Each structure stands twice: as C-alpha cells, then as structure tokens.
Amino acid sequence: MPSRQPADKKTDDEADNTTDNVEKQTLPQDKEKTSPSVKRPVLENVKRDTVIIATIWAVSTLVLEVLFTFVDPFPIKAAHQAEVSDNSFRILTHMGLPVITFTLTVLGYSIARYRCPTFPLEDGPPLRQNTQVSTIWLGITSVLCFVSVIYPGLTELAEFRGDPVSDLRVDVTGLQFSWIVHYPDTDKTSTDLVLPKGRQVELFTTSNDVVHSLWIPAFRTKIDAVPGRTNSMKITPIETGSYKEDPLFRVQCAELCGLNHTLMKIPVRVLEPDEFDKWLIDN
Amino acid sequence: MPVLFGLLSGLVGLALGGGGAAAVRALSGRPAFDGATELILVFSYIGALIGWVLGIGGWRYAVRDWIGRAPRPFNKTGTARYFAFSTDHKVIGIQYIVTFIGLMILGGLLAMLMRFELSQVDETIMGSDIYNRVMSLHGIIMVAVAVATVLGGLGNFAVPLMIGAKDMAFPRLNALSFWLNPPVAIALLSSWFFGGWDTGWTAYAPLSETNASGQVLFILAVFTFGVSSILGGLNFIATITTMRSPGMTWGRLPIFVWSIFAASIISLLFTQFFAASLVMILLDRVAGMGFFNPDQGGDPLLYQHVFWFYSHPAVYVMILPGFGITLEILSHFSRKPVFAYRWAVASMLSIVFMGAIVWAHHMFTTGMADYLHGPFMGLTELVSIPTGIIFLAALGTIWQGKLWMKTPMLFALAFIFNFLFGGITGIYNADVTTDIHLQDSYWVVAHFHYTIVGGEIFALMAGIYYWFPKMTGRMYDELLANLHFWGMFIGFNVTFGAMFWLGVNGMNRRVADYEPHLEGNNLFVSAAGFYLGMSFLIFLYNMWISSRHGPQVVDNPWRARTLEWTVSSPPSEHNFPVPPLVVGHPHDYGIPGEKHAVFAATGGAPMPSEQEIHSEGDRS
Ligand SMILES: [Cu+2]
Ligand SMILES: [Cu+2]
C-alpha cells in the first residue's frame, strides 16, 4: 500500500527513541538495548585484534615498501618524461601500499578469526558507528588524496611538460594507417621518427582522417592526432636506441582508428646529437 | 504467443517505416533506395520499434486505456509470465536477469574469441576486420550487461520488496523498460549484416561517421537502450520516494535501496548525453550535418566531451549498486549493522555529484587545454575519499562479526579484495603523468575490468546467490556455487592481474596483434581467461538445475532482517499479504528485541492507523 512519509527530520538518536515507543506499544515484550554478558569479551577481543592487525600491517607494509624500493618493474626509460612518469608511478605505489596491506590485513584476519562454518547462533556486536574511527579514516584518506594531487600529481606534471622553448620541432601526421614524420628545419620527410639524445623536441601532431594517438612506450608519452587540430608534446630523449633493439622504441597508434589500427606503427630511433645532425641534413 | 505477435507487428512496422521513407524519396523524384541505405535503416528501425512496442503489450496495456477502452492485461501464470508483457516487478526483475545473463554469456564467448586470437602473435583465427567488430560487440554488450543486470534485474526484484511496496510506482513503464531491450539486442546483432562497426563501444567521431553502416544500427540500439535506462531510473526514484511502507523512513532504507536510488539519479540525469552524442553522429551521417567534422567547422573533441559526460558517471551506475549489494550482504552474513551507515549513504550520494565533474580524465592525451589537466586530476582523485568511506563501512561491518561463509558472502568479501585493486589502479589513470603512458593501454583494460567485473559482476553474483531462494523458492547447490566462486575469483585475478604488466610494457588496447616480446604473457592471459570463462558453466548449470530440482526453502533461509525475507519464497503477486509496519533499522543485528518491522497478523497487536504512524514523533 503506497503511503506518504511523515515529515521526518529527526536525528538518528531521536529516531531510535521513536522506534522504542512504537515497539513498546505493538510488542510489549521486555528487551534490553545492551546485554552486559556480550559486552566484556567483545572489548577484550577488540584490543587483542587491534594489536595483531597493527603488527601484521606494520610488518607487511615495511617489507613491501622496502622491497619495492629495490625493485625496478619498469621497462626502458629512454626519455626524461619516462623518468618523471615512472617516478610518479613509484610514489603512487609507495602511497598505495599501506592502504592495500591495511585493507587486506583486516579482511584476511577477520575471515581467519571470525568465520563460522555453520549459521552463527549469536549476532555480532551492534557497532553501528564510531565517529572517532570514521573521522580518523576520513582524515587519513583525505590527506593521502590531497598529497597525491600535489605530489606526484601537479609537481611532476610541471616537470613532465618540459621547458617552454624546445631545440627541435618535428611534425607528425597520422593517417589511416601510417605516420608521416616531417622535420621543418631542413624540410626532411621520414618514415621513421628519429630524435637526438639530450635535446628537447617539440612534437606537433595532426591527422588527415580520424583520431589517432601517437604513443612511444619507451618515452611514456602519448598525444592524440586529431583532424582539424594541432596538438603538441615535448620529449627529451636520454637514451639512444632503436626499434630493433627494443620494441618499446616505436610510434604506436593508441586510439582505435579502423581496420589496420594494429599495424599503425613506425620505428623510433634515438641518435647521438652529432649523428642526428648529420642525418638531418642528409637528404 | 505475445512475443511472436510483437515480432510480427514489429515486422509490419519495419515495412511501413522503411517503405514509407523509400516512397517519400521516390515521390520527390529521387531514387528510392540508392544511396539512402542509412536513411531507410533509420526509418525501418523506428517503425519496427513502434510496431514491436505496440504488439508486445503497448496496445493492450496503454493505448486502449488512452482511447477510453478497458486495458486487456495478459494475466499469464507460471513460466508463461516470463515470455509476456508483465507488470509484476518480480517477473520483470527475473526477465532482466535471465536476458542479460544470456547476453553476458554471449559477450563472454566473444571475449574468448578475442583471447584465442591474442594467444599468439600474428593472425590466429581472425583478421583485424573481424577482430575489431568482435571487440566492439563485446564492449557494448558488456556495458549494457553492467548497466542493466543489477539495476534492472536485482533492483527490480528486490527494491519494492525491501521497502514494503506491492510493486514499482509505474508498473507499465517498468515493463516497457524491459521490453525495449530485445530490439536493442536484435539491432546490435543484425548490424553484422551491414558491415558491423569497428569503433569500439566508445564510437569516437570521426571514425564512427565514415565506417560501415552497421554503425547506424549501433546508434539506434544504444539510443533505445538509453531510453530504457532513463525510464528505469525515473521509476526507481519515484518508487523509492513514494512507495515506502509506513515507518520506512529514509534513515531506515536498506543500504542496497540507497545504492539503487543513487544509481538511478545518474541514469535519469546523464544518459541523455550519450544519446545526444550519438544522435549528432547520426545527423552527421544521414543528414549531412557537421558537428564533428572539422571541414564543416565541427570539432571531434566535442564528441568526446559529450560522450564522457555520460560515460564516466555510467561507471557509477554500474558500481554503486555493487557497493549496495556488498554492504547489504556483509551486514546480513556478519550478523552486524552496516558500519557507518549514514556515512556510506552520504558517500554514495556525493559520488553521484562528483561523478558529474570528472569526465575529462579520459581526455588527458587529446590535446584539450593544458590548464584543464590539473583540475580534472584533482577532482578525479577526490572521488577516492567517498570510495574510502565505502571501504570503511565494509571493513567496519565485518569487524568482530560472525562471518557466515556462504556463497553470497564469499562473493561480497571478494568484492572488497578486487575493488581495492580496481580503485587503487584508478589513481594511476587519474594522475596525468602516469596516465599519459597508461591511457589506451592494457593497463586501462585491466583497471576497468577490475572495477566492473571484479567489483560489480562479483556483487551481481553475490546478489543472485543471495536472492536465488527468494526468486525460485529453492536453494542453489552450495558445493557447485563454491566451485564457481573459486574458479571465478582465481581466474579473474590471474587474467586481469597480468594485463597490468602488459599495459606498462607497451601493449595498446583494441589490437588484434602485438609485439612478439609480449607473446608469453598473452598466452598466459588467454589460458587464464578460458579458465575464467569455464567457471561460468558451473554457474549456469547450478542455476538451471537448482531452480528446478533444488531443495525447497523456508521464507528466510539466511535469517536476514530485511522485508523481502518476511514474505513467502517466491513472493505472492502483491508481495505482502499484510502491509508491514517498519519500526526499526533493517541492519540492526545484535540488539536483543530490536525489530525491523511488525505485521498486524503476526505481531498480535492491531495495526496502528495512518494517523498514529504519522504522529509517532509527537508522542515521545
Ligand atoms: Cu591510428
Ligand atoms: Cu571515468
């Protein structure tokens, strides 16, 4: 039966009182809100469990943090942008690890300690809210969030974008299903992307047909090639290399662009600056 | 057979629509069909859709009413109810679940095909063309499954029962929401005969304006699905606002109902944007407009902005009910109240609003203005705060609880595990410097499967096992269910866990082939994927066999407190023989004597009158 709601603006506590009143009239049985026999052991359990969980959490976090400091899970970093991006990845992981270990410890411990194979005849303790715990939780997650926005977030982003002025301009045009690379300084056109080590390059992209995306995994950089627009990004290669040595040295189209999207890739080569200068004038 | 009649009437509509458009062209002196395939497709589809809706029940239930004649409901009983237009929310819920589980299996088979292709470098079983179409179909089917199965399926079945209502607020609209879905499925599948479409479910312009005509059917199908979503959202909001039983205050809503309410707000307010972006593509294609064509002054980025303005919030349509089911089940199977209930509700509502202002985190590499990067990164990362509160509620609920390790509980606990990784890896996509590398790579594939499959679909499974006895009156097989759980849990984590590595190491998404150095890992992912796929066979077998031969259950096999467990299994047509009077919180376990609801017939006391309930606050 559809019914309207009473204009109910009561707080939680008042609502609970109301509950009692209605119930006392409809169900005149005696009842106690808290039963002392349940309360004692719960408090002791809470103490013991907190200590165990805190210990497991601290130890596992420490071990994983230290381990992660010494492990380098990333592929080749061939550009300054790759160092920045991987550093952000590393910092975010360091910040996330304690959260992961905490959640998994509470989850795992609760399952191990409090699982019931059959239907539990007793209910758990009626913990509806603990403002202190919730506030601390809110505080910690907020701090983590704000810190990560500032560092690595905004600070590393500024670093990633590079200097306003670049040493070299390269234009890359995407078309179904290839890339055309053009060096306006010497009006040289190439089917490989060749860059000098140690110089900041500004790469301008556009597209002749649909949206493509220019991704160079070894540099951790990506910029879309959008018809009717010219986008740009800056790269400072710090490592020489080529597609033959490492498949991450490639321009890979990363935005689905139709039939041969998969094959839309060209090799990338990073040369020593003097070699590059020679290559650039060599037509 | 009402379905057959609907199909026939749909075919008539198709002929009228398509024929009409061709006739108008011929009359105006142009060739009737030549060069107008897409135009005729559009009108045929519109005609077919109207014909289908009228034939399946629109005429009998609604139009007769409008023209002053008495509606003629079908009044089917037994299994036949599920194959006809029915206004019973429980029937509709089960229709949704069965239909979309079927679609999920289809989408899963497509995923298996993709993993088969990707198990080796070079072409294995299909070329790029077929691969792109298979991948696109997998994408949109699974998005539809993720949007509709929990909301339309479990939401429809459980929400009216949980709030003590006899049905949804608009039962006929509810039935319409469901019956709009078969044309969606038919259009998506028949698009294959018009060249399919190869843009993925995101349908980025201008690719989606120049490819095969299958794209038009995609647009029409998704538009129809959007209408169904909007109507569904509207219906839930109206139901939860107006149909609660006496005493069911907002503060006493079960947490699952709150999550459906929050998700429905998004469905109602944001789906239009996806529809609008698709209509613009349709107009560009069929009517020669140029919204996204730079040569005509349009802008391809406009599409992405409008698209993501819906499609980011859409992930909350998927995950919020997942939060709700998980907290609901954790509470009932830990025998404890939902910890920090009010904070959890506030978090879900704040996610609704924050979801509206973070869409451009999908666009850090598109060349949109640099000054937008910082704000969208910051706003996106802010979402981690309310999400953190959901984790607080989940962990606080199992803390010191009595964890009854039945299958629904296993899935709910696995939700915490999976979503933890899904959530944390999302931060790397929100952070601009890491996202520029990870965007459009397998990292993203892994991340969103962790949130949607590991989160929502695990919650969906939890919910299906949890409400299975209520839906069928029978109990599922616990051993098979356990096997399904472990297969799915291990298979899922191995498959998608390995994909994170692929993304970091330079494998881009939506490709039929990859660099040879990634072959070992891809073979591993494929093998794990097949294992994950097989676990669903156990699930299907269990559902099939248990719904027919499972042991009969009592009304409340879980001894849970919420209202759906107070009625018979399966519930009678109007749910409650006696309307419940809600007197306490649904999750208050562990407080002796505390009750959620009383019934006049069982409580021994007379039902208080409307007036008494409304004045309850003044008596203290
Ligand atoms: Cu491309
Ligand atoms: Cu998003």
# chains A, B, ... in the order shown; residues from 1 in each chain; ligands from 1
$ select_by_dssp --residues "range 208-453 of chain B" --states "alpha helix (DSSP H)" --output "number ranges by chain"
B: 208-210, 214-242, 255-286, 300-334, 341-354, 373-382, 384-398, 407-430, 432-438, 442-451
$ residues_near_ligand --ligand "ligand 1" --cutoff "9 Å" --atoms "only C-alpha atoms and all ligand atoms" --output "ChimeraX atom specification"
/A:174-179,210-214,225,252-258,260-265
$ residues_near_ligand --ligand "ligand 2" --cutoff "8 Å" --atoms "only C-alpha atoms and all ligand atoms" --output "tab-separated table (two decimals) with all heavy atoms, in the first residue's frame"
chain	number	residue	atom	x	y	z
B	308	TRP	N	31.84	11.38	-22.75
B	308	TRP	CA	32.34	11.05	-21.42
B	308	TRP	C	31.54	11.71	-20.32
B	308	TRP	O	31.58	11.28	-19.17
B	308	TRP	CB	33.83	11.37	-21.28
B	308	TRP	CG	34.68	10.39	-22.04
B	308	TRP	CD1	35.46	10.65	-23.12
B	308	TRP	CD2	34.81	8.98	-21.79
B	308	TRP	NE1	36.07	9.50	-23.56
B	308	TRP	CE2	35.69	8.46	-22.77
B	308	TRP	CE3	34.27	8.11	-20.83
B	308	TRP	CZ2	36.04	7.11	-22.81
B	308	TRP	CZ3	34.62	6.77	-20.90
B	308	TRP	CH2	35.48	6.29	-21.88
B	311	SER	N	29.48	8.87	-19.96
B	311	SER	CA	30.09	7.55	-19.80
B	311	SER	C	31.00	7.47	-18.59
B	311	SER	O	31.28	6.37	-18.13
B	311	SER	CB	30.83	7.15	-21.07
B	311	SER	OG	29.88	7.01	-22.11
B	312	HIS	N	31.47	8.59	-18.06
B	312	HIS	CA	32.10	8.44	-16.76
B	312	HIS	C	31.06	8.16	-15.67
B	312	HIS	O	31.19	7.16	-14.98
B	312	HIS	CB	33.02	9.58	-16.35
B	312	HIS	CG	33.60	9.26	-15.01
B	312	HIS	ND1	34.62	8.36	-14.84
B	312	HIS	CD2	33.17	9.56	-13.78
B	312	HIS	CE1	34.82	8.16	-13.57
B	312	HIS	NE2	33.96	8.88	-12.89
B	313	PRO	N	30.02	9.01	-15.51
B	313	PRO	CA	29.00	8.68	-14.50
B	313	PRO	C	28.42	7.28	-14.68
B	313	PRO	O	28.03	6.64	-13.70
B	313	PRO	CB	27.93	9.75	-14.71
B	313	PRO	CG	28.68	10.92	-15.27
B	313	PRO	CD	29.75	10.34	-16.12
B	315	VAL	N	29.85	4.58	-15.09
B	315	VAL	CA	30.53	3.56	-14.30
B	315	VAL	C	30.00	3.55	-12.87
B	315	VAL	O	30.05	2.53	-12.19
B	315	VAL	CB	32.07	3.72	-14.29
B	315	VAL	CG1	32.60	3.74	-15.71
B	315	VAL	CG2	32.51	4.95	-13.54
B	358	VAL	N	34.14	15.00	-13.49
B	358	VAL	CA	35.47	14.42	-13.64
B	358	VAL	C	35.71	13.83	-15.03
B	358	VAL	O	36.74	13.23	-15.28
B	358	VAL	CB	35.71	13.30	-12.58
B	358	VAL	CG1	35.60	13.86	-11.19
B	358	VAL	CG2	34.76	12.14	-12.77
B	359	TRP	N	34.74	14.01	-15.96
B	359	TRP	CA	34.78	13.24	-17.21
B	359	TRP	C	36.06	13.40	-18.02
B	359	TRP	O	36.49	12.47	-18.69
B	359	TRP	CB	33.57	13.59	-18.07
B	359	TRP	CG	33.69	14.92	-18.76
B	359	TRP	CD1	34.19	15.12	-20.02
B	359	TRP	CD2	33.35	16.21	-18.26
B	359	TRP	NE1	34.16	16.45	-20.33
B	359	TRP	CE2	33.66	17.16	-19.25
B	359	TRP	CE3	32.81	16.68	-17.06
B	359	TRP	CZ2	33.45	18.52	-19.09
B	359	TRP	CZ3	32.61	18.04	-16.89
B	359	TRP	CH2	32.92	18.94	-17.89
B	360	ALA	N	36.69	14.58	-17.95
B	360	ALA	CA	37.82	14.81	-18.87
B	360	ALA	C	39.08	14.06	-18.46
B	360	ALA	O	40.10	14.17	-19.13
B	360	ALA	CB	38.09	16.29	-19.00
B	361	HIS	N	39.03	13.26	-17.37
B	361	HIS	CA	40.21	12.43	-17.08
B	361	HIS	C	40.41	11.36	-18.15
B	361	HIS	O	41.43	10.68	-18.16
B	361	HIS	CB	40.14	11.80	-15.68
B	361	HIS	CG	38.96	10.92	-15.46
B	361	HIS	ND1	38.28	10.87	-14.28
B	361	HIS	CD2	38.33	10.03	-16.26
B	361	HIS	CE1	37.29	10.01	-14.37
B	361	HIS	NE2	37.30	9.48	-15.55
B	362	HIS	N	39.41	11.20	-19.03
B	362	HIS	CA	39.59	10.28	-20.16
B	362	HIS	C	40.28	10.98	-21.33
B	362	HIS	O	40.49	10.37	-22.37
B	362	HIS	CB	38.23	9.76	-20.63
B	362	HIS	CG	37.54	8.93	-19.60
B	362	HIS	ND1	37.69	7.57	-19.52
B	362	HIS	CD2	36.71	9.27	-18.59
B	362	HIS	CE1	36.98	7.11	-18.51
B	362	HIS	NE2	36.38	8.11	-17.92
$ closest_residue --among "A:Thr50, A:Thr221, A:Thr69, A:Thr191" --to "chain B" --atoms "only C-alpha atoms"
A:Thr221
$ closest_residue --among "A:His182, A:His80, A:Lys222, A:Lys47" --to "Met363 in chain B" --atoms "only C-alpha atoms"
A:Lys222
$ atom_distance --atom1 "CA of Val12 in chain B" --atom2 "CA of Phe170 in chain B"
28.5 Å
$ residues_around --residues "Ala158 in chain A" --least-positions-apart "5" --cutoff "10 Å" --atoms "only C-alpha atoms" --output "count of residues only"
5
$ atom_distance --atom1 "CA of Gln95 in chain B" --atom2 "CA of Ala459 in chain B"
18.8 Å
$ atom_distance --atom1 "CA of Leu154 in chain B" --atom2 "CA of Thr326 in chain B"
12.8 Å
$ residues_around --residues "Arg252 in chain B" --least-positions-apart "5" --cutoff "8 Å" --atoms "only C-alpha atoms" --output "PDB file with C-alpha atoms, in the first residue's frame"
ATOM      1  CA  GLY B 584      13.412  -0.142  13.274  1.00  0.00           C
ATOM      2  CA  HIS B 585      16.551  -0.221  11.231  1.00  0.00           C
ATOM      3  CA  PRO B 586      16.975  -3.106   8.764  1.00  0.00           C
TER       4      PRO B 586
END
$ residues_around --residues "Glu275 in chain A" --least-positions-apart "5" --cutoff "10 Å" --atoms "only C-alpha atoms" --output "PyMOL selection string"
chain A and resi 196-197+270+280
$ closest_residue --among "B:Pro294, B:Gly51, B:Gly57, B:Gly19" --to "Ala32 in chain B" --atoms "only C-alpha atoms"
B:Gly19
$ closest_residue --among "A:Leu127, A:Ile136, A:Leu64, A:Ala79" --to "Phe160 in chain A" --atoms "only C-alpha atoms"
A:Ala79
$ residues_around --residues "range 183-188 of chain A" --least-positions-apart "5" --cutoff "12 Å" --atoms "only C-alpha atoms" --output "short mmCIF file (atom, residue, chain, number, x, y, z; two decimals) with all heavy atoms, in the first residue's frame"
data_model
loop_
_atom_site.label_atom_id
_atom_site.label_comp_id
_atom_site.auth_asym_id
_atom_site.auth_seq_id
_atom_site.Cartn_x
_atom_site.Cartn_y
_atom_site.Cartn_z
N ASP A 167 64.45 22.60 -28.60
CA ASP A 167 65.58 22.70 -29.52
C ASP A 167 65.21 22.31 -30.94
O ASP A 167 65.89 22.68 -31.89
CB ASP A 167 66.71 21.77 -29.04
CG ASP A 167 67.12 22.10 -27.63
OD1 ASP A 167 67.13 23.29 -27.29
OD2 ASP A 167 67.39 21.16 -26.85
N LEU A 168 64.16 21.52 -31.07
CA LEU A 168 63.87 20.96 -32.39
C LEU A 168 62.37 20.81 -32.54
O LEU A 168 61.67 20.48 -31.57
CB LEU A 168 64.54 19.58 -32.51
CG LEU A 168 64.29 18.79 -33.79
CD1 LEU A 168 65.05 19.42 -34.95
CD2 LEU A 168 64.73 17.34 -33.60
N ARG A 169 61.88 21.05 -33.74
CA ARG A 169 60.46 20.84 -34.00
C ARG A 169 60.29 19.68 -34.97
O ARG A 169 61.00 19.60 -35.97
CB ARG A 169 59.84 22.11 -34.58
CG ARG A 169 58.42 21.87 -35.05
CD ARG A 169 57.76 23.11 -35.62
NE ARG A 169 56.44 22.71 -36.13
CZ ARG A 169 55.34 23.44 -36.03
NH1 ARG A 169 55.40 24.63 -35.46
NH2 ARG A 169 54.20 22.99 -36.50
N VAL A 170 59.35 18.80 -34.64
CA VAL A 170 59.04 17.69 -35.54
C VAL A 170 57.53 17.65 -35.73
O VAL A 170 56.78 17.77 -34.75
CB VAL A 170 59.51 16.34 -34.96
CG1 VAL A 170 59.22 15.22 -35.94
CG2 VAL A 170 60.98 16.37 -34.61
N ASP A 171 57.09 17.52 -36.97
CA ASP A 171 55.65 17.41 -37.23
C ASP A 171 55.32 15.97 -37.61
O ASP A 171 55.98 15.41 -38.49
CB ASP A 171 55.25 18.33 -38.39
CG ASP A 171 55.43 19.79 -38.04
OD1 ASP A 171 55.20 20.14 -36.87
OD2 ASP A 171 55.83 20.57 -38.93
N VAL A 172 54.32 15.42 -36.96
CA VAL A 172 53.93 14.06 -37.29
C VAL A 172 52.46 14.07 -37.69
O VAL A 172 51.62 14.59 -36.95
CB VAL A 172 54.13 13.09 -36.12
CG1 VAL A 172 53.82 11.67 -36.55
CG2 VAL A 172 55.55 13.18 -35.59
N THR A 173 52.16 13.53 -38.86
CA THR A 173 50.78 13.48 -39.31
C THR A 173 50.33 12.03 -39.31
O THR A 173 51.02 11.15 -39.84
CB THR A 173 50.66 14.05 -40.74
OG1 THR A 173 51.25 15.35 -40.74
CG2 THR A 173 49.21 14.14 -41.16
N LEU A 193 60.70 7.85 -36.90
CA LEU A 193 60.85 9.02 -36.05
C LEU A 193 62.27 8.98 -35.50
O LEU A 193 62.61 8.11 -34.70
CB LEU A 193 59.82 9.01 -34.92
CG LEU A 193 59.92 10.18 -33.94
CD1 LEU A 193 59.65 11.51 -34.63
CD2 LEU A 193 58.97 9.99 -32.77
N VAL A 194 63.11 9.91 -35.93
CA VAL A 194 64.50 9.94 -35.48
C VAL A 194 64.69 11.16 -34.62
O VAL A 194 64.31 12.27 -35.00
CB VAL A 194 65.45 9.97 -36.69
CG1 VAL A 194 66.90 9.91 -36.22
CG2 VAL A 194 65.14 8.82 -37.63
N LEU A 195 65.26 10.98 -33.43
CA LEU A 195 65.41 12.09 -32.49
C LEU A 195 66.83 12.11 -31.93
O LEU A 195 67.48 11.07 -31.84
CB LEU A 195 64.41 11.92 -31.33
CG LEU A 195 62.93 11.94 -31.70
CD1 LEU A 195 62.09 11.66 -30.46
CD2 LEU A 195 62.54 13.27 -32.32
N VAL A 201 62.66 18.06 -27.73
CA VAL A 201 61.98 18.08 -29.02
C VAL A 201 60.52 18.43 -28.78
O VAL A 201 59.91 17.92 -27.83
CB VAL A 201 62.04 16.69 -29.68
CG1 VAL A 201 61.37 16.71 -31.04
CG2 VAL A 201 63.47 16.21 -29.77
N GLU A 202 59.97 19.31 -29.59
CA GLU A 202 58.53 19.51 -29.52
C GLU A 202 57.90 18.85 -30.74
O GLU A 202 58.27 19.14 -31.88
CB GLU A 202 58.15 20.99 -29.46
CG GLU A 202 56.64 21.14 -29.20
CD GLU A 202 56.25 22.47 -28.59
OE1 GLU A 202 57.06 23.40 -28.64
OE2 GLU A 202 55.12 22.55 -28.06
N LEU A 203 56.97 17.96 -30.44
CA LEU A 203 56.37 17.13 -31.47
C LEU A 203 54.96 17.65 -31.74
O LEU A 203 54.15 17.74 -30.82
CB LEU A 203 56.30 15.70 -30.92
CG LEU A 203 56.40 14.57 -31.91
CD1 LEU A 203 57.88 14.26 -32.14
CD2 LEU A 203 55.72 13.36 -31.32
N PHE A 204 54.68 18.02 -32.98
CA PHE A 204 53.33 18.51 -33.31
C PHE A 204 52.60 17.44 -34.09
O PHE A 204 53.14 16.88 -35.04
CB PHE A 204 53.43 19.80 -34.14
CG PHE A 204 53.91 20.97 -33.34
CD1 PHE A 204 55.27 21.17 -33.12
CD2 PHE A 204 53.02 21.87 -32.77
CE1 PHE A 204 55.72 22.25 -32.36
CE2 PHE A 204 53.46 22.95 -32.02
CZ PHE A 204 54.81 23.13 -31.81
N PHE A 276 72.77 12.71 -35.25
CA PHE A 276 71.45 13.19 -35.64
C PHE A 276 71.58 14.39 -36.59
O PHE A 276 70.89 14.46 -37.61
CB PHE A 276 70.64 13.59 -34.41
CG PHE A 276 69.32 14.22 -34.77
CD1 PHE A 276 68.24 13.44 -35.14
CD2 PHE A 276 69.17 15.61 -34.78
CE1 PHE A 276 67.04 14.02 -35.50
CE2 PHE A 276 67.97 16.20 -35.13
CZ PHE A 276 66.90 15.40 -35.50
N ASP A 277 72.50 15.31 -36.27
CA ASP A 277 72.67 16.49 -37.11
C ASP A 277 73.05 16.08 -38.53
O ASP A 277 72.56 16.64 -39.51
CB ASP A 277 73.74 17.42 -36.52
CG ASP A 277 73.23 18.09 -35.24
OD1 ASP A 277 72.00 18.18 -35.11
OD2 ASP A 277 74.05 18.47 -34.40
N LYS A 278 73.91 15.06 -38.60
CA LYS A 278 74.31 14.56 -39.92
C LYS A 278 73.08 14.00 -40.63
O LYS A 278 72.82 14.29 -41.80
CB LYS A 278 75.36 13.46 -39.75
CG LYS A 278 76.78 13.93 -40.11
CD LYS A 278 77.76 12.77 -40.06
CE LYS A 278 78.56 12.77 -38.77
NZ LYS A 278 79.18 11.49 -38.44
N TRP A 279 72.32 13.21 -39.90
CA TRP A 279 71.15 12.57 -40.50
C TRP A 279 70.15 13.62 -40.99
O TRP A 279 69.54 13.47 -42.04
CB TRP A 279 70.50 11.65 -39.45
CG TRP A 279 69.23 10.98 -39.94
CD1 TRP A 279 69.16 9.80 -40.62
CD2 TRP A 279 67.91 11.47 -39.81
NE1 TRP A 279 67.86 9.52 -40.91
CE2 TRP A 279 67.06 10.53 -40.44
CE3 TRP A 279 67.34 12.62 -39.25
CZ2 TRP A 279 65.69 10.69 -40.50
CZ3 TRP A 279 65.97 12.78 -39.31
CH2 TRP A 279 65.15 11.82 -39.93
N LEU A 280 70.03 14.70 -40.23
CA LEU A 280 69.00 15.70 -40.53
C LEU A 280 69.30 16.45 -41.83
O LEU A 280 68.39 16.76 -42.59
CB LEU A 280 68.90 16.68 -39.36
CG LEU A 280 67.70 17.63 -39.38
CD1 LEU A 280 66.39 16.86 -39.32
CD2 LEU A 280 67.78 18.62 -38.22
N ILE A 281 70.59 16.73 -42.08
CA ILE A 281 70.90 17.45 -43.32
C ILE A 281 70.98 16.50 -44.50
O ILE A 281 70.85 16.91 -45.65
CB ILE A 281 72.23 18.26 -43.26
CG1 ILE A 281 73.02 17.87 -42.01
CG2 ILE A 281 71.96 19.75 -43.30
CD1 ILE A 281 74.36 18.55 -41.91
N ASP A 282 71.23 15.23 -44.20
CA ASP A 282 71.38 14.24 -45.27
C ASP A 282 70.02 13.97 -45.92
O ASP A 282 69.17 13.33 -45.35
CB ASP A 282 71.95 12.96 -44.66
CG ASP A 282 72.15 11.90 -45.71
OD1 ASP A 282 72.50 12.28 -46.84
OD2 ASP A 282 71.95 10.72 -45.39
N ASN A 283 69.83 14.47 -47.14
CA ASN A 283 68.51 14.28 -47.73
C ASN A 283 68.40 13.09 -48.67
O ASN A 283 69.03 12.91 -49.62
CB ASN A 283 68.08 15.54 -48.47
CG ASN A 283 67.24 16.40 -47.52
OD1 ASN A 283 66.31 15.90 -46.90
ND2 ASN A 283 67.59 17.67 -47.38
#
$ residues_around --residues "Phe307 in chain B" --least-positions-apart "5" --cutoff "10 Å" --atoms "only C-alpha atoms" --output "list in words"
Thr202, Ala203, Tyr204, Thr271, Gln272, Phe273, Phe274, Ala275, Ala276, Ser277, Leu278, Leu301, Leu302, His312 and Trp359 of chain B
